[in-house]
>>> print(open('model35.cif').read())   # mmCIF, C-alpha atoms, pLDDT in the B column; chains and numbers go by the auth columns
data_coords
loop_
_atom_site.group_PDB
_atom_site.id
_atom_site.type_symbol
_atom_site.label_atom_id
_atom_site.label_comp_id
_atom_site.label_asym_id
_atom_site.label_seq_id
_atom_site.Cartn_x
_atom_site.Cartn_y
_atom_site.Cartn_z
_atom_site.B_iso_or_equiv
_atom_site.auth_seq_id
_atom_site.auth_asym_id
ATOM 1 C CA MET A 1 -25.095 -11.651 -18.516 81.00 1 R
ATOM 2 C CA GLY A 2 -24.375 -8.770 -20.832 91.00 2 R
ATOM 3 C CA GLU A 3 -22.944 -9.016 -24.312 95.00 3 R
ATOM 4 C CA LEU A 4 -20.722 -7.085 -26.663 96.00 4 R
ATOM 5 C CA LEU A 5 -22.232 -6.420 -30.087 97.00 5 R
ATOM 6 C CA VAL A 6 -19.771 -6.036 -32.964 97.00 6 R
ATOM 7 C CA ASP A 7 -20.551 -4.591 -36.390 96.00 7 R
ATOM 8 C CA GLU A 8 -18.937 -2.577 -39.201 96.00 8 R
ATOM 9 C CA PRO A 9 -21.036 0.556 -39.793 95.00 9 R
ATOM 10 C CA ALA A 10 -18.598 2.083 -42.311 94.00 10 R
ATOM 11 C CA ASP A 11 -15.657 1.012 -44.428 92.00 11 R
ATOM 12 C CA GLY A 12 -12.717 0.190 -42.158 94.00 12 R
ATOM 13 C CA VAL A 13 -14.702 1.049 -38.994 96.00 13 R
ATOM 14 C CA VAL A 14 -15.458 -1.624 -36.371 97.00 14 R
ATOM 15 C CA ARG A 15 -18.051 -0.710 -33.718 98.00 15 R
ATOM 16 C CA LEU A 16 -18.129 -2.369 -30.276 98.00 16 R
ATOM 17 C CA THR A 17 -21.441 -1.862 -28.460 98.00 17 R
ATOM 18 C CA ILE A 18 -21.902 -2.608 -24.755 97.00 18 R
ATOM 19 C CA SER A 19 -25.300 -4.204 -24.099 96.00 19 R
ATOM 20 C CA ASN A 20 -26.443 -5.103 -20.588 94.00 20 R
ATOM 21 C CA PRO A 21 -29.797 -3.296 -20.287 93.00 21 R
ATOM 22 C CA ALA A 22 -30.914 -5.065 -17.104 91.00 22 R
ATOM 23 C CA LYS A 23 -27.930 -3.577 -15.255 90.00 23 R
ATOM 24 C CA ARG A 24 -27.519 -0.194 -16.956 91.00 24 R
ATOM 25 C CA ASN A 25 -24.761 -1.604 -19.171 94.00 25 R
ATOM 26 C CA ALA A 26 -22.640 -2.678 -16.204 91.00 26 R
ATOM 27 C CA LEU A 27 -19.334 -4.272 -17.182 91.00 27 R
ATOM 28 C CA ASP A 28 -19.371 -8.000 -16.477 90.00 28 R
ATOM 29 C CA HIS A 29 -16.980 -10.782 -17.454 88.00 29 R
ATOM 30 C CA ALA A 30 -18.668 -11.444 -20.797 92.00 30 R
ATOM 31 C CA ILE A 31 -18.521 -7.802 -21.906 94.00 31 R
ATOM 32 C CA LEU A 32 -14.975 -7.206 -20.692 93.00 32 R
ATOM 33 C CA ASP A 33 -13.643 -10.423 -22.207 93.00 33 R
ATOM 34 C CA GLY A 34 -15.487 -9.520 -25.404 96.00 34 R
ATOM 35 C CA ILE A 35 -13.853 -6.088 -25.599 96.00 35 R
ATOM 36 C CA ALA A 36 -10.355 -7.501 -25.161 96.00 36 R
ATOM 37 C CA ALA A 37 -10.950 -10.210 -27.762 96.00 37 R
ATOM 38 C CA ALA A 38 -12.641 -7.865 -30.274 97.00 38 R
ATOM 39 C CA VAL A 39 -9.868 -5.275 -30.062 97.00 39 R
ATOM 40 C CA ARG A 40 -7.226 -7.941 -30.675 96.00 40 R
ATOM 41 C CA ARG A 41 -9.190 -9.306 -33.653 95.00 41 R
ATOM 42 C CA ALA A 42 -9.644 -5.820 -35.124 92.00 42 R
ATOM 43 C CA ASP A 43 -5.953 -5.082 -35.609 86.00 43 R
ATOM 44 C CA ASP A 44 -6.578 -4.634 -39.342 89.00 44 R
ATOM 45 C CA ALA A 45 -9.398 -2.115 -38.796 94.00 45 R
ATOM 46 C CA ARG A 46 -8.799 1.546 -39.582 95.00 46 R
ATOM 47 C CA CYS A 47 -10.820 2.806 -36.586 97.00 47 R
ATOM 48 C CA LEU A 48 -12.700 1.372 -33.578 97.00 48 R
ATOM 49 C CA VAL A 49 -15.848 2.922 -32.086 98.00 49 R
ATOM 50 C CA LEU A 50 -16.875 2.004 -28.519 98.00 50 R
ATOM 51 C CA THR A 51 -20.459 2.782 -27.531 98.00 51 R
ATOM 52 C CA GLY A 52 -23.469 1.566 -25.538 97.00 52 R
ATOM 53 C CA THR A 53 -27.102 0.605 -26.043 93.00 53 R
ATOM 54 C CA HIS A 54 -30.423 1.495 -24.411 89.00 54 R
ATOM 55 C CA GLY A 55 -29.583 5.123 -23.593 89.00 55 R
ATOM 56 C CA MET A 56 -26.569 4.244 -21.430 93.00 56 R
ATOM 57 C CA PHE A 57 -22.848 3.975 -22.042 96.00 57 R
ATOM 58 C CA SER A 58 -21.923 2.067 -18.868 95.00 58 R
ATOM 59 C CA SER A 59 -22.579 2.231 -15.135 91.00 59 R
ATOM 60 C CA GLY A 60 -19.195 0.669 -14.334 89.00 60 R
ATOM 61 C CA TYR A 61 -18.254 -2.611 -12.671 84.00 61 R
ATOM 62 C CA ASP A 62 -20.974 -5.219 -12.220 80.00 62 R
ATOM 63 C CA ILE A 63 -20.443 -5.760 -8.479 71.00 63 R
ATOM 64 C CA GLY A 64 -23.853 -4.924 -7.040 67.00 64 R
ATOM 65 C CA ASP A 65 -25.226 -8.484 -6.960 66.00 65 R
ATOM 66 C CA ILE A 66 -22.139 -10.292 -5.656 67.00 66 R
ATOM 67 C CA PRO A 67 -23.041 -12.210 -2.446 68.00 67 R
ATOM 68 C CA GLU A 68 -21.463 -10.840 0.710 68.00 68 R
ATOM 69 C CA ASP A 69 -19.700 -14.080 1.638 63.00 69 R
ATOM 70 C CA VAL A 70 -17.610 -13.986 -1.560 64.00 70 R
ATOM 71 C CA PHE A 71 -17.743 -10.249 -2.241 68.00 71 R
ATOM 72 C CA ALA A 72 -14.078 -9.391 -1.652 64.00 72 R
ATOM 73 C CA VAL A 73 -12.763 -12.224 -3.808 69.00 73 R
ATOM 74 C CA GLU A 74 -15.269 -11.933 -6.671 70.00 74 R
ATOM 75 C CA ALA A 75 -15.268 -8.105 -6.858 69.00 75 R
ATOM 76 C CA GLU A 76 -11.492 -7.944 -6.914 69.00 76 R
ATOM 77 C CA LYS A 77 -11.374 -10.794 -9.431 67.00 77 R
ATOM 78 C CA LEU A 78 -13.647 -8.880 -11.842 68.00 78 R
ATOM 79 C CA VAL A 79 -11.779 -5.599 -11.503 69.00 79 R
ATOM 80 C CA ALA A 80 -8.250 -6.955 -11.369 68.00 80 R
ATOM 81 C CA HIS A 81 -8.448 -9.348 -14.311 76.00 81 R
ATOM 82 C CA PRO A 82 -11.038 -8.924 -17.105 84.00 82 R
ATOM 83 C CA PHE A 83 -11.396 -5.173 -16.504 86.00 83 R
ATOM 84 C CA THR A 84 -7.651 -4.609 -16.483 89.00 84 R
ATOM 85 C CA GLU A 85 -7.223 -6.762 -19.580 92.00 85 R
ATOM 86 C CA ALA A 86 -9.959 -4.885 -21.463 94.00 86 R
ATOM 87 C CA ILE A 87 -8.544 -1.490 -20.460 95.00 87 R
ATOM 88 C CA ASP A 88 -4.953 -2.449 -21.265 94.00 88 R
ATOM 89 C CA THR A 89 -5.869 -4.017 -24.620 96.00 89 R
ATOM 90 C CA LEU A 90 -7.875 -0.964 -25.667 96.00 90 R
ATOM 91 C CA ALA A 91 -5.152 1.419 -24.465 95.00 91 R
ATOM 92 C CA ALA A 92 -2.405 -0.509 -26.250 94.00 92 R
ATOM 93 C CA THR A 93 -4.024 -0.830 -29.671 95.00 93 R
ATOM 94 C CA ASP A 94 -2.444 1.197 -32.459 94.00 94 R
ATOM 95 C CA VAL A 95 -5.841 1.491 -34.163 96.00 95 R
ATOM 96 C CA PRO A 96 -7.476 4.925 -33.568 96.00 96 R
ATOM 97 C CA THR A 97 -10.446 4.731 -31.193 97.00 97 R
ATOM 98 C CA VAL A 98 -13.580 6.822 -30.651 98.00 98 R
ATOM 99 C CA ALA A 99 -15.888 6.553 -27.616 98.00 99 R
ATOM 100 C CA ALA A 100 -19.484 7.571 -28.358 98.00 100 R
ATOM 101 C CA LEU A 101 -21.101 8.236 -24.975 98.00 101 R
ATOM 102 C CA THR A 102 -24.743 7.409 -25.608 95.00 102 R
ATOM 103 C CA GLY A 103 -25.805 7.944 -22.009 95.00 103 R
ATOM 104 C CA HIS A 104 -24.561 8.195 -18.429 95.00 104 R
ATOM 105 C CA THR A 105 -20.945 7.087 -18.096 96.00 105 R
ATOM 106 C CA ILE A 106 -19.940 6.134 -14.572 95.00 106 R
ATOM 107 C CA GLY A 107 -17.007 4.565 -12.723 93.00 107 R
ATOM 108 C CA GLY A 108 -15.144 1.925 -14.675 93.00 108 R
ATOM 109 C CA GLY A 109 -17.262 2.833 -17.695 96.00 109 R
ATOM 110 C CA LEU A 110 -15.737 6.295 -17.654 97.00 110 R
ATOM 111 C CA GLU A 111 -12.196 4.960 -17.434 96.00 111 R
ATOM 112 C CA LEU A 112 -12.951 2.571 -20.308 96.00 112 R
ATOM 113 C CA ALA A 113 -14.091 5.533 -22.418 97.00 113 R
ATOM 114 C CA LEU A 114 -11.126 7.638 -21.355 97.00 114 R
ATOM 115 C CA VAL A 115 -8.583 5.267 -22.877 97.00 115 R
ATOM 116 C CA CYS A 116 -10.090 5.994 -26.299 98.00 116 R
ATOM 117 C CA ASP A 117 -8.435 8.659 -28.442 97.00 117 R
ATOM 118 C CA LEU A 118 -11.542 10.807 -28.963 98.00 118 R
ATOM 119 C CA LEU A 119 -14.666 11.059 -26.791 98.00 119 R
ATOM 120 C CA VAL A 120 -18.001 12.367 -28.065 98.00 120 R
ATOM 121 C CA ALA A 121 -20.904 12.773 -25.642 97.00 121 R
ATOM 122 C CA HIS A 122 -24.511 13.737 -26.110 94.00 122 R
ATOM 123 C CA ASP A 123 -25.280 16.865 -24.168 95.00 123 R
ATOM 124 C CA GLY A 124 -27.762 15.397 -21.685 95.00 124 R
ATOM 125 C CA ILE A 125 -25.585 12.807 -19.960 96.00 125 R
ATOM 126 C CA GLN A 126 -23.846 12.628 -16.592 97.00 126 R
ATOM 127 C CA LEU A 127 -20.290 11.426 -16.005 98.00 127 R
ATOM 128 C CA GLY A 128 -18.862 10.471 -12.658 97.00 128 R
ATOM 129 C CA MET A 129 -16.496 8.512 -10.464 95.00 129 R
ATOM 130 C CA PRO A 130 -18.181 7.092 -7.319 92.00 130 R
ATOM 131 C CA PRO A 131 -15.336 5.303 -5.430 91.00 131 R
ATOM 132 C CA ALA A 132 -15.680 7.710 -2.486 93.00 132 R
ATOM 133 C CA LYS A 133 -19.363 6.749 -2.225 91.00 133 R
ATOM 134 C CA LEU A 134 -18.534 3.022 -2.323 88.00 134 R
ATOM 135 C CA GLY A 135 -15.489 2.753 -0.048 90.00 135 R
ATOM 136 C CA LEU A 136 -13.213 1.800 -2.954 88.00 136 R
ATOM 137 C CA VAL A 137 -9.590 2.833 -3.453 90.00 137 R
ATOM 138 C CA TYR A 138 -9.216 3.292 -7.208 92.00 138 R
ATOM 139 C CA SER A 139 -6.246 1.894 -9.108 91.00 139 R
ATOM 140 C CA HIS A 140 -3.159 4.088 -9.422 91.00 140 R
ATOM 141 C CA THR A 141 -3.078 3.367 -13.156 91.00 141 R
ATOM 142 C CA GLY A 142 -6.653 4.570 -13.525 93.00 142 R
ATOM 143 C CA LEU A 143 -6.031 7.700 -11.494 95.00 143 R
ATOM 144 C CA ARG A 144 -2.963 8.414 -13.625 95.00 144 R
ATOM 145 C CA ARG A 145 -5.159 8.362 -16.746 95.00 145 R
ATOM 146 C CA PHE A 146 -7.446 10.989 -15.258 97.00 146 R
ATOM 147 C CA ILE A 147 -4.548 13.171 -14.113 96.00 147 R
ATOM 148 C CA ASP A 148 -3.084 12.995 -17.626 95.00 148 R
ATOM 149 C CA ALA A 149 -6.447 13.947 -19.146 96.00 149 R
ATOM 150 C CA ILE A 150 -7.829 16.617 -16.800 97.00 150 R
ATOM 151 C CA GLY A 151 -5.055 17.484 -14.331 96.00 151 R
ATOM 152 C CA VAL A 152 -4.619 16.938 -10.612 97.00 152 R
ATOM 153 C CA THR A 153 -7.162 19.528 -9.420 97.00 153 R
ATOM 154 C CA ARG A 154 -10.063 18.185 -11.486 98.00 154 R
ATOM 155 C CA THR A 155 -9.113 14.573 -10.701 98.00 155 R
ATOM 156 C CA ARG A 156 -9.289 15.354 -6.981 98.00 156 R
ATOM 157 C CA GLU A 157 -12.698 16.948 -7.420 97.00 157 R
ATOM 158 C CA LEU A 158 -14.009 14.023 -9.467 97.00 158 R
ATOM 159 C CA PHE A 159 -12.737 11.278 -7.131 97.00 159 R
ATOM 160 C CA LEU A 160 -12.854 12.865 -3.670 97.00 160 R
ATOM 161 C CA LEU A 161 -16.282 14.487 -3.945 96.00 161 R
ATOM 162 C CA GLY A 162 -17.726 11.664 -6.014 94.00 162 R
ATOM 163 C CA ARG A 163 -20.254 13.969 -7.665 95.00 163 R
ATOM 164 C CA ASN A 164 -21.422 13.442 -11.223 97.00 164 R
ATOM 165 C CA ILE A 165 -20.774 16.212 -13.731 97.00 165 R
ATOM 166 C CA ASP A 166 -22.760 17.061 -16.846 97.00 166 R
ATOM 167 C CA ALA A 167 -21.443 16.772 -20.386 97.00 167 R
ATOM 168 C CA HIS A 168 -20.832 20.499 -20.788 97.00 168 R
ATOM 169 C CA THR A 169 -18.698 20.557 -17.623 97.00 169 R
ATOM 170 C CA ALA A 170 -16.825 17.494 -18.912 98.00 170 R
ATOM 171 C CA LEU A 171 -16.150 19.370 -22.145 98.00 171 R
ATOM 172 C CA GLY A 172 -14.764 22.359 -20.242 97.00 172 R
ATOM 173 C CA TRP A 173 -12.527 20.070 -18.204 97.00 173 R
ATOM 174 C CA GLY A 174 -11.178 18.369 -21.320 97.00 174 R
ATOM 175 C CA LEU A 175 -12.686 15.045 -20.278 97.00 175 R
ATOM 176 C CA VAL A 176 -14.536 14.789 -23.610 98.00 176 R
ATOM 177 C CA ASN A 177 -13.636 16.261 -26.990 97.00 177 R
ATOM 178 C CA ARG A 178 -17.089 17.468 -27.976 96.00 178 R
ATOM 179 C CA THR A 179 -20.768 17.353 -27.089 98.00 179 R
ATOM 180 C CA VAL A 180 -23.676 17.115 -29.503 97.00 180 R
ATOM 181 C CA PRO A 181 -27.454 16.669 -29.252 97.00 181 R
ATOM 182 C CA GLU A 182 -28.477 13.064 -28.677 95.00 182 R
ATOM 183 C CA SER A 183 -29.975 12.823 -32.168 95.00 183 R
ATOM 184 C CA GLN A 184 -26.584 13.678 -33.697 96.00 184 R
ATOM 185 C CA LEU A 185 -24.339 11.475 -31.571 96.00 185 R
ATOM 186 C CA GLU A 186 -24.155 8.367 -33.748 95.00 186 R
ATOM 187 C CA GLU A 187 -23.687 10.407 -36.915 96.00 187 R
ATOM 188 C CA THR A 188 -20.947 12.554 -35.353 97.00 188 R
ATOM 189 C CA ALA A 189 -19.077 9.541 -33.960 97.00 189 R
ATOM 190 C CA LEU A 190 -19.164 7.781 -37.336 97.00 190 R
ATOM 191 C CA GLU A 191 -18.042 10.958 -39.133 97.00 191 R
ATOM 192 C CA LEU A 192 -15.011 11.170 -36.841 97.00 192 R
ATOM 193 C CA ALA A 193 -14.313 7.452 -37.206 97.00 193 R
ATOM 194 C CA THR A 194 -14.555 7.671 -41.009 96.00 194 R
ATOM 195 C CA GLU A 195 -12.233 10.681 -41.075 96.00 195 R
ATOM 196 C CA LEU A 196 -9.722 8.845 -38.910 96.00 196 R
ATOM 197 C CA ALA A 197 -10.000 5.756 -41.125 95.00 197 R
ATOM 198 C CA ARG A 198 -9.106 7.833 -44.182 95.00 198 R
ATOM 199 C CA ASN A 199 -5.907 9.225 -42.678 95.00 199 R
ATOM 200 C CA ALA A 200 -2.460 7.689 -43.163 95.00 200 R
ATOM 201 C CA PRO A 201 -2.339 4.517 -41.028 92.00 201 R
ATOM 202 C CA LEU A 202 1.428 4.670 -40.445 92.00 202 R
ATOM 203 C CA SER A 203 1.077 8.225 -39.169 95.00 203 R
ATOM 204 C CA LEU A 204 -1.876 7.423 -36.910 94.00 204 R
ATOM 205 C CA ARG A 205 -0.295 4.327 -35.424 92.00 205 R
ATOM 206 C CA GLY A 206 3.091 6.008 -35.063 94.00 206 R
ATOM 207 C CA ASN A 207 1.699 9.095 -33.357 95.00 207 R
ATOM 208 C CA LYS A 208 -0.399 6.958 -31.010 95.00 208 R
ATOM 209 C CA ARG A 209 2.712 5.015 -30.046 93.00 209 R
ATOM 210 C CA VAL A 210 4.716 8.193 -29.362 95.00 210 R
ATOM 211 C CA ILE A 211 1.941 9.690 -27.213 94.00 211 R
ATOM 212 C CA ARG A 212 1.516 6.434 -25.284 92.00 212 R
ATOM 213 C CA GLU A 213 5.230 6.095 -24.534 91.00 213 R
ATOM 214 C CA LEU A 214 5.564 9.735 -23.463 91.00 214 R
ATOM 215 C CA LEU A 215 2.685 9.362 -21.009 90.00 215 R
ATOM 216 C CA ARG A 216 4.064 6.060 -19.723 87.00 216 R
ATOM 217 C CA ALA A 217 7.497 7.577 -19.065 87.00 217 R
ATOM 218 C CA GLU A 218 5.953 10.350 -16.975 81.00 218 R
ATOM 219 C CA GLY A 219 3.901 7.925 -14.898 78.00 219 R
ATOM 220 C CA GLU A 220 6.572 5.460 -13.720 83.00 220 R
ATOM 221 C CA LEU A 221 6.568 4.626 -10.003 87.00 221 R
ATOM 222 C CA ASP A 222 9.158 3.161 -7.694 88.00 222 R
ATOM 223 C CA PRO A 223 8.381 -0.594 -7.582 91.00 223 R
ATOM 224 C CA ASP A 224 8.081 -0.607 -3.772 93.00 224 R
ATOM 225 C CA VAL A 225 5.636 2.320 -3.852 92.00 225 R
ATOM 226 C CA GLU A 226 3.620 0.646 -6.591 92.00 226 R
ATOM 227 C CA ARG A 227 3.313 -2.522 -4.501 91.00 227 R
ATOM 228 C CA GLU A 228 2.072 -0.436 -1.550 92.00 228 R
ATOM 229 C CA LEU A 229 -0.584 1.238 -3.706 90.00 229 R
ATOM 230 C CA ILE A 230 -1.766 -2.107 -5.075 88.00 230 R
ATOM 231 C CA ALA A 231 -1.999 -3.497 -1.516 90.00 231 R
ATOM 232 C CA LEU A 232 -3.988 -0.421 -0.431 88.00 232 R
ATOM 233 C CA ARG A 233 -6.483 -0.993 -3.238 86.00 233 R
ATOM 234 C CA GLU A 234 -6.762 -4.715 -2.525 84.00 234 R
ATOM 235 C CA ALA A 235 -7.439 -4.005 1.145 88.00 235 R
ATOM 236 C CA SER A 236 -10.382 -1.771 0.220 88.00 236 R
ATOM 237 C CA PHE A 237 -12.143 -4.752 -1.385 83.00 237 R
ATOM 238 C CA ARG A 238 -11.967 -6.597 1.933 85.00 238 R
ATOM 239 C CA SER A 239 -13.151 -3.652 4.037 90.00 239 R
ATOM 240 C CA GLU A 240 -16.483 -3.475 5.839 89.00 240 R
ATOM 241 C CA ASP A 241 -16.921 0.020 4.434 90.00 241 R
ATOM 242 C CA MET A 242 -16.893 -1.163 0.825 86.00 242 R
ATOM 243 C CA ARG A 243 -19.530 -3.801 1.535 85.00 243 R
ATOM 244 C CA GLU A 244 -21.629 -1.144 3.250 87.00 244 R
ATOM 245 C CA GLY A 245 -21.036 1.324 0.414 86.00 245 R
ATOM 246 C CA VAL A 246 -22.201 -1.133 -2.248 83.00 246 R
ATOM 247 C CA ARG A 247 -25.254 -2.109 -0.155 84.00 247 R
ATOM 248 C CA ALA A 248 -26.189 1.521 0.448 86.00 248 R
ATOM 249 C CA PHE A 249 -25.741 2.380 -3.221 79.00 249 R
ATOM 250 C CA GLY A 250 -28.078 -0.434 -4.251 78.00 250 R
ATOM 251 C CA GLU A 251 -30.620 0.524 -1.575 84.00 251 R
ATOM 252 C CA LYS A 252 -30.370 4.249 -2.452 84.00 252 R
ATOM 253 C CA ARG A 253 -29.566 5.325 1.103 91.00 253 R
ATOM 254 C CA ARG A 254 -26.761 7.118 2.894 90.00 254 R
ATOM 255 C CA PRO A 255 -23.926 4.723 3.898 91.00 255 R
ATOM 256 C CA ARG A 256 -23.002 4.249 7.544 93.00 256 R
ATOM 257 C CA TRP A 257 -19.198 4.317 7.422 93.00 257 R
ATOM 258 C CA GLN A 258 -17.176 2.533 10.118 90.00 258 R
ATOM 259 C CA GLY A 259 -13.669 3.401 8.908 89.00 259 R
ATOM 260 C CA ARG A 260 -12.672 -0.236 8.692 86.00 260 R
#
>>> encode(input="model35.cif", output="structure tokens")
Amino acid sequence: MGELLVDEPADGVVRLTISNPAKRNALDHAILDGIAAAVRRADDARCLVLTGTHGMFSSGYDIGDIPEDVFAVEAEKLVAHPFTEAIDTLAATDVPTVAALTGHTIGGGLELALVCDLLVAHDGIQLGMPPAKLGLVYSHTGLRRFIDAIGVTRTRELFLLGRNIDAHTALGWGLVNRTVPESQLEETALELATELARNAPLSLRGNKRVIRELLRAEGELDPDVERELIALREASFRSEDMREGVRAFGEKRRPRWQGR
């Protein structure tokens, strides 16, 4: 299992570091539960930094080793519960947040980074959303975050093509705030975090709340439509195509889609 490392690299700054080197920092129950718990505990912090170890930010959900006979239940359980709780807790905190993308940032790892207020990437990484390569229907809440950040056209390109993009392209799209050489990433992230920590906390928390509520108001769905979208996503976890997509991804081959 992976683990979440927590330290305080500067006054008022709490750093959360994803560590799961055997699986390219994939997000498992321990890491996701750790993020939710650490964010709740850090309510008195002045800034949070989210980053990764071993030259990787995160490769996304840890679903590659789930046995086929329990795949649908266990994969959906991971994504629908600890992942959602970690994302929602991080998105809801009034503490300013910085994501320092230490390496490739893929799938659920990219959404996790995107809920942070500022994203800094080193200029040699790749970012991507592979649901189309895996047979997965992504959550409507996650897709809304990408539309809010980079617009409909770029979100379609990212999710429908499923290609990775480099850090400079991500900067041009507005997916990250800045790129720096790898050797400068930690220093830059901590400089931003320290600057945020020195600003007026009532202003930071208040402005975060206003931005969050404005985005939420624009993204409201009819309850019946929302239920349909949730059912569509849940069905993808039970599909033969998703099992094939995950197998093919692990075996580094082209999937053989059946459309069911």
>>> resolve_selection(input="model35.cif", expression="the PyMOL selection byres ((chain R and resi 98) around 10)", output="short mmCIF file (atom, residue, chain, number, x, y, z; two decimals) with C-alpha atoms, in the coordinates of the input")
data_model
loop_
_atom_site.label_atom_id
_atom_site.label_comp_id
_atom_site.auth_asym_id
_atom_site.auth_seq_id
_atom_site.Cartn_x
_atom_site.Cartn_y
_atom_site.Cartn_z
CA ARG R 15 -18.05 -0.71 -33.72
CA CYS R 47 -10.82 2.81 -36.59
CA LEU R 48 -12.70 1.37 -33.58
CA VAL R 49 -15.85 2.92 -32.09
CA LEU R 50 -16.88 2.00 -28.52
CA THR R 51 -20.46 2.78 -27.53
CA PRO R 96 -7.48 4.92 -33.57
CA THR R 97 -10.45 4.73 -31.19
CA ALA R 99 -15.89 6.55 -27.62
CA ALA R 100 -19.48 7.57 -28.36
CA LEU R 101 -21.10 8.24 -24.98
CA ALA R 113 -14.09 5.53 -22.42
CA LEU R 114 -11.13 7.64 -21.36
CA VAL R 115 -8.58 5.27 -22.88
CA CYS R 116 -10.09 5.99 -26.30
CA ASP R 117 -8.44 8.66 -28.44
CA LEU R 118 -11.54 10.81 -28.96
CA LEU R 119 -14.67 11.06 -26.79
CA VAL R 120 -18.00 12.37 -28.06
CA ALA R 189 -19.08 9.54 -33.96
CA LEU R 190 -19.16 7.78 -37.34
CA LEU R 192 -15.01 11.17 -36.84
CA ALA R 193 -14.31 7.45 -37.21
CA LEU R 196 -9.72 8.85 -38.91
#
>>> residues_around(input="model35.cif", residues="R:Tyr61", least_positions_apart="5", cutoff="6 Å", atoms="only C-alpha atoms", output="PyMOL selection string")
chain R and resi 26-27+108
>>> axis_aligned_box(input="model35.cif", around="stretch 237-253 of chain R", padding_each_side="8 Å", output="JSON")
{"center_x": -21.3, "center_y": -0.6, "center_z": 0.8, "size_x": 34.7, "size_y": 27.9, "size_z": 26.1}
>>> resolve_selection(input="model35.cif", expression="the PyMOL selection byres ((chain R and resi 219) around 10)", output="count of residues only")
14
>>> atom_distance(input="model35.cif", atom1="atom CA of R:Val180", atom2="atom CA of R:Gly107")
22.0 Å
>>> closest_residue(input="model35.cif", among="R:Pro82, R:Gly2, R:Gly151, R:Gly60", to="R:Glu111", atoms="all atoms listed in the file")
R:Gly60
>>> atom_distance(input="model35.cif", atom1="atom CA of R:Ser183", atom2="atom CA of R:His54")
13.7 Å
>>> residues_near_point(input="model35.cif", point="(-26.5, -5.0, -16.9)", cutoff="9 Å", atoms="all atoms listed in the file", output="tab-separated table (two decimals) with C-alpha atoms, in the coordinates of the input")
chain	number	residue	atom	x	y	z
R	1	MET	CA	-25.10	-11.65	-18.52
R	2	GLY	CA	-24.38	-8.77	-20.83
R	19	SER	CA	-25.30	-4.20	-24.10
R	20	ASN	CA	-26.44	-5.10	-20.59
R	21	PRO	CA	-29.80	-3.30	-20.29
R	22	ALA	CA	-30.91	-5.07	-17.10
R	23	LYS	CA	-27.93	-3.58	-15.26
R	24	ARG	CA	-27.52	-0.19	-16.96
R	25	ASN	CA	-24.76	-1.60	-19.17
R	26	ALA	CA	-22.64	-2.68	-16.20
R	27	LEU	CA	-19.33	-4.27	-17.18
R	28	ASP	CA	-19.37	-8.00	-16.48
R	58	SER	CA	-21.92	2.07	-18.87
R	59	SER	CA	-22.58	2.23	-15.14
R	62	ASP	CA	-20.97	-5.22	-12.22
>>> atom_distance(input="model35.cif", atom1="atom CA of R:Asp44", atom2="atom CA of R:Ile211")
20.6 Å
>>> resolve_selection(input="model35.cif", expression="the PyMOL selection byres ((chain R and resi 11) around 10)", output="PyMOL selection string")
chain R and resi 8-10+12-14+45-47+193-194+197-198
>>> residues_around(input="model35.cif", residues="R:Arg212", least_positions_apart="4", cutoff="10 Å", atoms="all atoms listed in the file", output="VMD selection string")
chain R and resid 91 to 92 94 206 to 208 216 to 217
>>> write_last_selection(input="model35.cif", atoms="C-alpha atoms", output="PDB file, in the coordinates of the input")
ATOM      1  CA  ALA R  91      -5.152   1.419 -24.465  1.00 95.00           C
ATOM      2  CA  ALA R  92      -2.405  -0.509 -26.250  1.00 94.00           C
ATOM      3  CA  ASP R  94      -2.444   1.197 -32.459  1.00 94.00           C
ATOM      4  CA  GLY R 206       3.091   6.008 -35.063  1.00 94.00           C
ATOM      5  CA  ASN R 207       1.699   9.095 -33.357  1.00 95.00           C
ATOM      6  CA  LYS R 208      -0.399   6.958 -31.010  1.00 95.00           C
ATOM      7  CA  ARG R 216       4.064   6.060 -19.723  1.00 87.00           C
ATOM      8  CA  ALA R 217       7.497   7.577 -19.065  1.00 87.00           C
TER       9      ALA R 217
END
>>> closest_residue(input="model35.cif", among="R:Leu4, R:Leu171, R:Ile87, R:Ala121", to="R:Thr188", atoms="all atoms listed in the file")
R:Ala121
